[in-house]
Amino acid sequence: MQSALSHAAAAAPAQAQCGRPTPRRPARLASRLTCSAVQTAAAPEAATGAVKLPATHLASSAAALQQLKVTSVNRYAMEKKSSIIAIGLTVHNAPVELREKLAVPEAEWQRAIEELCSYPHIEEAAVLSTCNRMEIYVVAVSFHRGVREVEDWMSRASGVGLEELRPHLFLLRDRDATGHLLRVAGGLDSLVMGEGQILAQVKQVHKVGQNAPGFGRHLNGLFKQAVTAGKRVRSETSISSGAVSVSSAAAELAQLKLPTHDFNDAKVCIIGAGKMSKLLVKHMHSKGCTRMTVLNRSLPRAEALAEEFPEVQFDIHLMHDLMKCVEESDLIFAASGSEELLVHKEDIENMPAASEKVGGVRRFVDISVPRNIAPQLNELEGQAIVYNVDDLKEVVAANKEERARAAAEAEVLLKEEQLAFEAWRDSLETVPTIKALRGKAESIRAAELEKTLNKLGEGLTNKQKKVIEELSKGIVNKLLHGPMTALRCDGADADTVAQTLANMEALERMFGLAEEEGMSPAQAQKVKAAAGKR
């Protein structure tokens with residue numbers, strides 16, 4: 001597990017953390033929370049007494065940015081580069097009842113990114129929302145303010161108050177945040193260690209991000225590195241050998257709960273015909289189940305599922321036959337993309353009991369997030385039992401121990417990938433200095449050229465003026481060639497990046513590239529970007 005933000009996250013709780021894209025986003029932008037409720041990452045202005053927080057968080061951010069414009073020492077100058085922040089909740093530290101309220105369907109990821117980046121201190125954003133986790137990754141010009149803004153967005157988007165939400169959140173910064181995403185992609189943070197579905201979901205975040213302006217250079221590089229890391233873990237270690245998915249764990253749990261532990265003694269029904277259902281059928285068939293009922297909103301997808309498993313006898317129905325199929329079944333799996341509950345307590349309480357072979361109890365295994373089966377069914381004692389994704393921990397606990405050794409090997413690979421990402425990110429720090437150095441040289445060249453042409457008078461032809469201008473450009477370019485070469489690297493080697501950064505600092509001093517406030521070009525660029533979002 002990741003270490004907490006010992007030196008930087010004193011203002012917010014950090015907890016341990018924990019893949020299928022999930023639907024529903026209830027109560028979007030429900031209630032606007034006041035600043036008094038947002039105390040996790042309290043702003044440092046309190047130490048100066050110069051700023052009194054206004055009633056709302058956004059007003060507070062705007063006032064603080066205005067304050068920055070008139071202060072002689074800019075607080076952002078203390079942070080050489082923007083912070084990468086990971087904040088969210090997972091199956092390890094938050095119940096499904098809370099996770100489903102914050103779930104963001106893939107169709108809304110771009111909108112979520114746009115909303116997050118509309119906050120003054122958030123430069124880039126990404127959303128990773130699955131049945132086991134809901135995590136927000138941002139690049140923030142100010143760590144503390146960035147945390148406050150993400151918390152505010154999560155609370156407003158879900159309708160969950162911060163007092164209820166905060167105890168379940170994890171918070172990670174920079175190395176801890178990037179290391180966490182690499183572990184997630186490698187399957188080391190999954191409920192089922194080594195499962196491969198989460199890597200596909202991380203890939204999808206990167207793919208969707210290509211069409212989102214707020215998914216910027218840093219997060220694009222981070223998620224790209226995470227995909228590479230996930231592939232290496234699966235190809236260079238044995239962590240995925242024998243690994244199970246959420247679907248296979250659900251099949252195993254169902255078999256464990258059946259009195260005879262035999263699927264042939266139960267009438268099986270699966271709600272949904274998507275990826276999760278496909279995996280369910282695969283694992284159910286491997287455990288001897290040869291007859292299943294499948295319900296779906298459309299026939300083609302259900303029929304395509306049946307074609308992939310010719311050995312299994314399918315009874316296909318559309319969703320309007322849901323209650324009829326549930327009544328005729330003993331074991332019902334819910335793995336649909338529905339945003340609403342499909343089966344309620346009142347739907348079941350008057351149904352005939354399940355078959356005697358399963359003890360007369362109708363069992364539901366709901367691996368959908370948000371859930372499709374009402375948890376109140378558990379109140380029908382002796383008639384119905386509902387299991388959800390949180391109940392899968394019972395099954396996967398036995399599998400973790402034997403994969404722990406492979407996980408140690410994976411950690412070594414992930415460390416290499418993290419160092420590679422950090423070196424690449426550090427190499428980006430030289431870009432503002434390159435621009436500043438080129439800009440200063442060009443300014444001097446243009447000024448001196450103008451002086452020279454004025455001294456030479458009006459007798460020069462345009463061709464002669466052009467020759468003199470090209471001469472000045474040639475001299476500047478040759479003089480800058482060495483410094484510019486010293487500032488360029490591809491980020492592939494950490495030692496080379498370290499030397500490049502040392503060159504950058506030396507050139508900033510030699511050419512006087514620091515701003516009046518003592519900021520480097522990179523720091524000045526951060527402040528300008530933040531102020532421009534007011």
# chains A, B, ... in the order shown; residues from 1 in each chain; ligands from 1
call {"tool": "residues_around", "arguments": {"residues": "region 442-444 of chain A", "least_positions_apart": "5", "cutoff": "9 Å", "atoms": "only C-alpha atoms", "output": "list in words"}}
result
Leu437, Leu449, Lys473 and Val476 of chain A
call {"tool": "write_last_selection", "arguments": {"atoms": "all heavy atoms", "output": "compact mmCIF listing (two decimals), in the first residue's frame"}}
result
# COMPACT_ATOMS: atom_id res chain seq x y z
N LEU A 437 14.75 31.84 -22.48
CA LEU A 437 16.08 32.14 -22.99
C LEU A 437 15.99 32.58 -24.45
O LEU A 437 16.61 33.58 -24.86
CB LEU A 437 16.99 30.92 -22.86
CG LEU A 437 18.43 31.08 -23.34
CD1 LEU A 437 19.11 32.25 -22.65
CD2 LEU A 437 19.22 29.78 -23.12
N LEU A 449 19.44 45.34 -33.41
CA LEU A 449 19.30 45.49 -34.86
C LEU A 449 18.67 46.84 -35.20
O LEU A 449 19.11 47.54 -36.12
CB LEU A 449 18.44 44.36 -35.42
CG LEU A 449 18.10 44.44 -36.91
CD1 LEU A 449 19.37 44.36 -37.75
CD2 LEU A 449 17.13 43.33 -37.31
N LYS A 473 20.56 37.16 -36.65
CA LYS A 473 19.91 35.90 -36.27
C LYS A 473 20.89 34.75 -36.24
O LYS A 473 20.85 33.90 -35.34
CB LYS A 473 18.77 35.58 -37.25
CG LYS A 473 17.55 36.47 -37.12
CD LYS A 473 16.47 36.06 -38.10
CE LYS A 473 15.22 36.92 -37.93
NZ LYS A 473 14.14 36.53 -38.87
N VAL A 476 23.03 34.95 -33.03
CA VAL A 476 22.24 34.54 -31.85
C VAL A 476 22.04 33.02 -31.83
O VAL A 476 22.20 32.37 -30.80
CB VAL A 476 20.88 35.27 -31.83
CG1 VAL A 476 19.95 34.64 -30.79
CG2 VAL A 476 21.08 36.74 -31.54
call {"tool": "atom_distance", "arguments": {"atom1": "CA of Gln383 (chain A)", "atom2": "CA of Ile271 (chain A)"}}
result
19.9 Å
call {"tool": "closest_residue", "arguments": {"among": "A:Ser245, A:Thr290, A:Ser336, A:Thr452", "to": "Asp262 (chain A)", "atoms": "only C-alpha atoms"}}
result
A:Thr290
call {"tool": "residues_around", "arguments": {"residues": "Val96 (chain A)", "least_positions_apart": "5", "cutoff": "12 Å", "atoms": "only C-alpha atoms", "output": "ChimeraX atom specification"}}
result
/A:22,89-91,101-103,130-134,168,366-372,375,387-392
call {"tool": "residues_around", "arguments": {"residues": "region 178-185 of chain A", "least_positions_apart": "3", "cutoff": "6 Å", "atoms": "only C-alpha atoms", "output": "mmCIF file with all heavy atoms, in the first residue's frame"}}
result
data_model
loop_
_atom_site.group_PDB
_atom_site.id
_atom_site.type_symbol
_atom_site.label_atom_id
_atom_site.label_comp_id
_atom_site.auth_asym_id
_atom_site.auth_seq_id
_atom_site.Cartn_x
_atom_site.Cartn_y
_atom_site.Cartn_z
ATOM 1 N N ARG A 175 4.711 11.327 -5.943
ATOM 2 C CA ARG A 175 5.226 9.959 -6.081
ATOM 3 C C ARG A 175 4.232 8.928 -5.566
ATOM 4 O O ARG A 175 4.094 7.844 -6.141
ATOM 5 C CB ARG A 175 6.552 9.810 -5.339
ATOM 6 C CG ARG A 175 7.698 10.624 -5.912
ATOM 7 C CD ARG A 175 9.037 10.102 -5.446
ATOM 8 N NE ARG A 175 9.330 8.803 -6.053
ATOM 9 C CZ ARG A 175 10.373 8.053 -5.716
ATOM 10 N NH1 ARG A 175 11.221 8.474 -4.804
ATOM 11 N NH2 ARG A 175 10.580 6.902 -6.308
ATOM 12 N N LEU A 188 -2.189 -4.879 -8.671
ATOM 13 C CA LEU A 188 -1.756 -5.114 -7.298
ATOM 14 C C LEU A 188 -2.699 -4.497 -6.274
ATOM 15 O O LEU A 188 -2.630 -4.825 -5.091
ATOM 16 C CB LEU A 188 -0.344 -4.557 -7.073
ATOM 17 C CG LEU A 188 0.809 -5.510 -7.394
ATOM 18 C CD1 LEU A 188 0.862 -5.814 -8.881
ATOM 19 C CD2 LEU A 188 2.134 -4.918 -6.938
ATOM 20 N N ASP A 189 -3.551 -3.585 -6.699
ATOM 21 C CA ASP A 189 -4.473 -2.949 -5.769
ATOM 22 C C ASP A 189 -5.907 -3.435 -5.958
ATOM 23 O O ASP A 189 -6.832 -2.913 -5.358
ATOM 24 C CB ASP A 189 -4.414 -1.420 -5.943
ATOM 25 C CG ASP A 189 -5.025 -0.679 -4.776
ATOM 26 O OD1 ASP A 189 -4.568 -0.893 -3.642
ATOM 27 O OD2 ASP A 189 -5.971 0.098 -4.984
ATOM 28 N N LEU A 199 -6.589 -3.241 -16.122
ATOM 29 C CA LEU A 199 -5.676 -2.679 -17.115
ATOM 30 C C LEU A 199 -6.448 -2.168 -18.320
ATOM 31 O O LEU A 199 -6.156 -1.094 -18.855
ATOM 32 C CB LEU A 199 -4.635 -3.712 -17.538
ATOM 33 C CG LEU A 199 -3.657 -3.260 -18.636
ATOM 34 C CD1 LEU A 199 -2.890 -2.014 -18.206
ATOM 35 C CD2 LEU A 199 -2.676 -4.390 -18.977
ATOM 36 N N ALA A 226 1.360 4.014 -17.082
ATOM 37 C CA ALA A 226 0.634 3.015 -16.305
ATOM 38 C C ALA A 226 0.247 1.820 -17.164
ATOM 39 O O ALA A 226 0.319 0.665 -16.716
ATOM 40 C CB ALA A 226 -0.609 3.645 -15.680
ATOM 41 N N GLY A 230 1.427 -1.954 -16.524
ATOM 42 C CA GLY A 230 0.493 -3.064 -16.392
ATOM 43 C C GLY A 230 0.821 -4.215 -17.327
ATOM 44 O O GLY A 230 0.734 -5.395 -16.962
#
call {"tool": "closest_residue", "arguments": {"among": "A:Lys357, A:Glu164, A:Lys451, A:Gln499", "to": "Glu469 (chain A)", "atoms": "only C-alpha atoms"}}
result
A:Lys451
